file coords-v3.pdb (PDB, C-alpha atoms, pLDDT in the B column)
ATOM      1  CA  MET A  10       6.031 -14.872  -7.059  1.00 47.00           C
ATOM      2  CA  SER A  11       3.127 -16.461  -5.182  1.00 48.00           C
ATOM      3  CA  ARG A  12       4.653 -15.254  -1.894  1.00 46.00           C
ATOM      4  CA  PHE A  13       4.737 -11.710  -3.304  1.00 42.00           C
ATOM      5  CA  ILE A  14       1.119 -12.031  -4.410  1.00 42.00           C
ATOM      6  CA  ALA A  15       0.037 -13.318  -1.007  1.00 41.00           C
ATOM      7  CA  ILE A  16       1.864 -10.512   0.765  1.00 43.00           C
ATOM      8  CA  ALA A  17       0.767  -7.833  -1.645  1.00 43.00           C
ATOM      9  CA  ALA A  18      -2.823  -9.031  -1.310  1.00 42.00           C
ATOM     10  CA  LEU A  19      -2.738  -7.833   2.250  1.00 41.00           C
ATOM     11  CA  VAL A  20      -2.474  -4.309   0.897  1.00 41.00           C
ATOM     12  CA  LEU A  21      -6.260  -4.236   0.754  1.00 37.00           C
ATOM     13  CA  ALA A  22      -7.127  -5.155   4.326  1.00 36.00           C
ATOM     14  CA  THR A  23      -9.847  -3.026   5.882  1.00 32.00           C
ATOM     15  CA  GLY A  24      -9.316  -0.916   8.922  1.00 35.00           C
ATOM     16  CA  ALA A  25      -8.595   2.177  10.931  1.00 36.00           C
ATOM     17  CA  THR A  26      -6.414   5.170  10.245  1.00 37.00           C
ATOM     18  CA  ALA A  27      -2.640   5.330  10.225  1.00 44.00           C
ATOM     19  CA  ALA A  28      -0.245   7.806  11.716  1.00 48.00           C
ATOM     20  CA  PRO A  29      -0.528  11.162   9.966  1.00 48.00           C
ATOM     21  CA  ILE A  30       1.764  11.727   7.040  1.00 49.00           C
ATOM     22  CA  PRO A  31       4.174  14.655   7.521  1.00 48.00           C
ATOM     23  CA  ALA A  32       2.910  17.892   5.979  1.00 42.00           C
ATOM     24  CA  GLN A  33       6.028  18.356   3.836  1.00 43.00           C
ATOM     25  CA  HIS A  34       5.445  14.947   2.186  1.00 51.00           C
ATOM     26  CA  ARG A  35       1.719  15.633   1.598  1.00 50.00           C
ATOM     27  CA  THR A  36       2.518  18.775  -0.376  1.00 57.00           C
ATOM     28  CA  HIS A  37       4.689  16.798  -2.797  1.00 86.00           C
ATOM     29  CA  LEU A  38       2.023  14.181  -3.561  1.00 93.00           C
ATOM     30  CA  SER A  39      -0.011  14.327  -6.749  1.00 94.00           C
ATOM     31  CA  ALA A  40      -3.774  14.607  -6.366  1.00 96.00           C
ATOM     32  CA  GLY A  41      -4.100  10.886  -7.169  1.00 96.00           C
ATOM     33  CA  ALA A  42      -1.475   9.920  -4.601  1.00 96.00           C
ATOM     34  CA  ARG A  43      -3.248  12.055  -1.960  1.00 97.00           C
ATOM     35  CA  ARG A  44      -6.483  10.185  -2.729  1.00 97.00           C
ATOM     36  CA  GLY A  45      -4.525   6.921  -2.503  1.00 96.00           C
ATOM     37  CA  LEU A  46      -3.209   7.891   0.924  1.00 97.00           C
ATOM     38  CA  ALA A  47      -6.727   8.702   2.130  1.00 97.00           C
ATOM     39  CA  PHE A  48      -7.989   5.354   0.820  1.00 95.00           C
ATOM     40  CA  ALA A  49      -5.070   3.516   2.443  1.00 95.00           C
ATOM     41  CA  GLN A  50      -5.710   5.184   5.797  1.00 96.00           C
ATOM     42  CA  GLN A  51      -9.388   4.220   5.643  1.00 94.00           C
ATOM     43  CA  ARG A  52      -9.141   0.693   4.241  1.00 90.00           C
ATOM     44  CA  CYS A  53      -5.612  -0.671   4.777  1.00 90.00           C
ATOM     45  CA  ALA A  54      -4.127   0.804   7.955  1.00 93.00           C
ATOM     46  CA  ALA A  55      -5.613  -1.723  10.389  1.00 90.00           C
ATOM     47  CA  CYS A  56      -3.087  -4.254   9.076  1.00 89.00           C
ATOM     48  CA  HIS A  57      -0.448  -2.313   7.127  1.00 92.00           C
ATOM     49  CA  ALA A  58       1.808   0.613   7.917  1.00 95.00           C
ATOM     50  CA  VAL A  59       0.672   2.970   5.173  1.00 96.00           C
ATOM     51  CA  THR A  60       3.141   5.797   5.863  1.00 95.00           C
ATOM     52  CA  GLU A  61       6.936   5.820   5.906  1.00 93.00           C
ATOM     53  CA  ASN A  62       9.108   4.617   8.779  1.00 92.00           C
ATOM     54  CA  ARG A  63       6.320   2.718  10.515  1.00 93.00           C
ATOM     55  CA  THR A  64       5.778  -0.883  11.559  1.00 93.00           C
ATOM     56  CA  SER A  65       2.546  -2.579  10.476  1.00 93.00           C
ATOM     57  CA  PRO A  66      -0.029  -3.213  13.225  1.00 95.00           C
ATOM     58  CA  ASN A  67      -0.309  -6.808  11.994  1.00 90.00           C
ATOM     59  CA  PRO A  68       3.169  -8.397  12.049  1.00 89.00           C
ATOM     60  CA  GLU A  69       2.217 -10.593   9.064  1.00 86.00           C
ATOM     61  CA  SER A  70       1.307  -7.580   6.929  1.00 87.00           C
ATOM     62  CA  PRO A  71       4.197  -5.794   5.229  1.00 90.00           C
ATOM     63  CA  SER A  72       4.369  -2.035   5.286  1.00 93.00           C
ATOM     64  CA  PHE A  73       3.579  -0.217   2.043  1.00 94.00           C
ATOM     65  CA  GLU A  74       7.137   1.094   2.139  1.00 95.00           C
ATOM     66  CA  ASP A  75       8.458  -2.476   2.239  1.00 94.00           C
ATOM     67  CA  ILE A  76       6.142  -3.593  -0.570  1.00 93.00           C
ATOM     68  CA  THR A  77       7.127  -0.803  -2.960  1.00 94.00           C
ATOM     69  CA  ASN A  78      10.846  -1.294  -2.342  1.00 96.00           C
ATOM     70  CA  ARG A  79      10.860  -4.970  -3.317  1.00 93.00           C
ATOM     71  CA  PRO A  80      12.597  -5.869  -6.569  1.00 92.00           C
ATOM     72  CA  GLY A  81      10.309  -5.667  -9.595  1.00 93.00           C
ATOM     73  CA  VAL A  82       7.536  -3.666  -7.928  1.00 94.00           C
ATOM     74  CA  THR A  83       6.424  -0.708 -10.011  1.00 95.00           C
ATOM     75  CA  ARG A  84       3.298   1.408 -10.341  1.00 95.00           C
ATOM     76  CA  PHE A  85       2.285  -0.889 -13.213  1.00 96.00           C
ATOM     77  CA  THR A  86       2.831  -4.166 -11.289  1.00 94.00           C
ATOM     78  CA  LEU A  87       0.918  -2.812  -8.292  1.00 92.00           C
ATOM     79  CA  ARG A  88      -1.998  -1.755 -10.492  1.00 93.00           C
ATOM     80  CA  GLN A  89      -1.992  -5.100 -12.238  1.00 91.00           C
ATOM     81  CA  PHE A  90      -2.019  -6.981  -8.949  1.00 84.00           C
ATOM     82  CA  LEU A  91      -4.758  -4.823  -7.450  1.00 83.00           C
ATOM     83  CA  ARG A  92      -6.946  -5.362 -10.534  1.00 84.00           C
ATOM     84  CA  ASP A  93      -6.797  -9.152 -10.104  1.00 78.00           C
ATOM     85  CA  SER A  94      -9.230  -9.128  -7.205  1.00 59.00           C
ATOM     86  CA  HIS A  95      -9.802 -12.879  -7.486  1.00 55.00           C
ATOM     87  CA  ASN A  96      -6.335 -13.298  -5.938  1.00 59.00           C
ATOM     88  CA  TYR A  97      -7.193 -11.592  -2.653  1.00 60.00           C
ATOM     89  CA  PRO A  98      -7.607 -13.805   0.391  1.00 63.00           C
ATOM     90  CA  ALA A  99     -11.230 -14.498   1.280  1.00 63.00           C
ATOM     91  CA  ALA A 100     -10.829 -12.647   4.572  1.00 63.00           C
ATOM     92  CA  MET A 101     -10.469  -9.342   2.749  1.00 67.00           C
ATOM     93  CA  ASN A 102     -13.520  -9.905   0.560  1.00 67.00           C
ATOM     94  CA  PHE A 103     -13.865  -6.458  -1.012  1.00 69.00           C
ATOM     95  CA  ARG A 104     -13.322  -4.941  -4.419  1.00 74.00           C
ATOM     96  CA  VAL A 105     -11.350  -1.839  -5.216  1.00 81.00           C
ATOM     97  CA  GLU A 106     -12.666   0.463  -7.929  1.00 86.00           C
ATOM     98  CA  ALA A 107     -10.338   1.135 -10.880  1.00 88.00           C
ATOM     99  CA  ALA A 108      -9.836   4.800  -9.931  1.00 89.00           C
ATOM    100  CA  ARG A 109      -8.848   3.821  -6.375  1.00 93.00           C
ATOM    101  CA  ILE A 110      -6.418   1.217  -7.775  1.00 93.00           C
ATOM    102  CA  ARG A 111      -4.648   3.960  -9.722  1.00 96.00           C
ATOM    103  CA  ASP A 112      -4.629   6.270  -6.706  1.00 97.00           C
ATOM    104  CA  LEU A 113      -3.401   3.587  -4.312  1.00 95.00           C
ATOM    105  CA  ALA A 114      -0.579   2.488  -6.618  1.00 96.00           C
ATOM    106  CA  ASP A 115       0.358   6.129  -7.248  1.00 96.00           C
ATOM    107  CA  TYR A 116       0.608   6.670  -3.485  1.00 97.00           C
ATOM    108  CA  ILE A 117       2.487   3.463  -2.644  1.00 96.00           C
ATOM    109  CA  VAL A 118       5.274   4.138  -5.163  1.00 96.00           C
ATOM    110  CA  THR A 119       5.965   7.537  -3.563  1.00 96.00           C
ATOM    111  CA  MET A 120       7.768   5.565  -0.836  1.00 95.00           C
ATOM    112  CA  LYS A 121      10.275   3.927  -3.218  1.00 94.00           C
ATOM    113  CA  LYS A 122      13.847   4.750  -2.163  1.00 92.00           C
ATOM    114  CA  ALA A 123      17.299   3.819  -3.438  1.00 90.00           C
ATOM    115  CA  GLY A 124      19.138   1.799  -0.791  1.00 89.00           C
ATOM    116  CA  TYR A 125      15.952   1.103   1.193  1.00 88.00           C
ATOM    117  CA  ARG A 126      16.306  -0.937   4.376  1.00 84.00           C
ATOM    118  CA  PRO A 127      13.191  -2.196   6.192  1.00 78.00           C
ATOM    119  CA  VAL A 128      12.268  -0.812   9.606  1.00 69.00           C
ATOM    120  CA  MET A 129      13.171  -3.363  12.257  1.00 68.00           C
TER     121      MET A 129
END
call {"tool": "encode", "arguments": {"input": "coords-v3.pdb", "output": "structure tokens"}}
result
Amino acid sequence: MSRFIAIAALVLATGATAAPIPAQHRTHLSAGARRGLAFAQQRCAACHAVTENRTSPNPESPSFEDITNRPGVTRFTLRQFLRDSHNYPAAMNFRVEAARIRDLADYIVTMKKAGYRPVM
């Protein structure tokens, strides 16, 4: 569990933008998930792959797609983890507002797939 927490903590790294999300996927996202994607591209993409079928820029940072497809990860568990900001590594040193936590979790779970296999 602590390994999951350490890895999931990386979800909040600051950074640049990610590869654009395909238009057909954007149209199927809820308004909250679209806001979550925008937040992820602004604050997380320097370390994490925040869109599907991508490799994270930082090899130690799992992709959002990999995070959401791990056993036991749900919208609720992501929200719960993201609320516990005292668990983030000191290097990330920022807080995520409650509304952005909901949006980010709503976006990340859109990448959950049956039979998922990580990008190699």
call {"tool": "residues_around", "arguments": {"input": "coords-v3.pdb", "residues": "segment 82-92 of chain A", "least_positions_apart": "2", "cutoff": "6 Å", "atoms": "only C-alpha atoms", "output": "list in words"}}
result
Thr77, Arg79, Pro80, Ser94, Ile110 and Ala114 of chain A
call {"tool": "atom_distance", "arguments": {"input": "coords-v3.pdb", "atom1": "atom CA of Asn67 of chain A", "atom2": "atom CA of Cys53 of chain A"}}
result
10.9 Å
call {"tool": "resolve_selection", "arguments": {"input": "coords-v3.pdb", "expression": "the PyMOL selection byres ((chain A and resi 118) around 12)", "output": "number ranges by chain"}}
result
A: 38-39, 41-42, 45-46, 59-61, 73-79, 81-88, 111-117, 119-122
call {"tool": "atom_distance", "arguments": {"input": "coords-v3.pdb", "atom1": "atom CA of Phe48 of chain A", "atom2": "atom CA of Arg126 of chain A"}}
result
25.3 Å
call {"tool": "atom_distance", "arguments": {"input": "coords-v3.pdb", "atom1": "atom CA of Pro71 of chain A", "atom2": "atom CA of His57 of chain A"}}
result
6.1 Å
call {"tool": "closest_residue", "arguments": {"input": "coords-v3.pdb", "among": "A:Glu69, A:Gly124, A:Asn62, A:Val105", "to": "Asp93 of chain A", "atoms": "all atoms listed in the file"}}
result
A:Val105
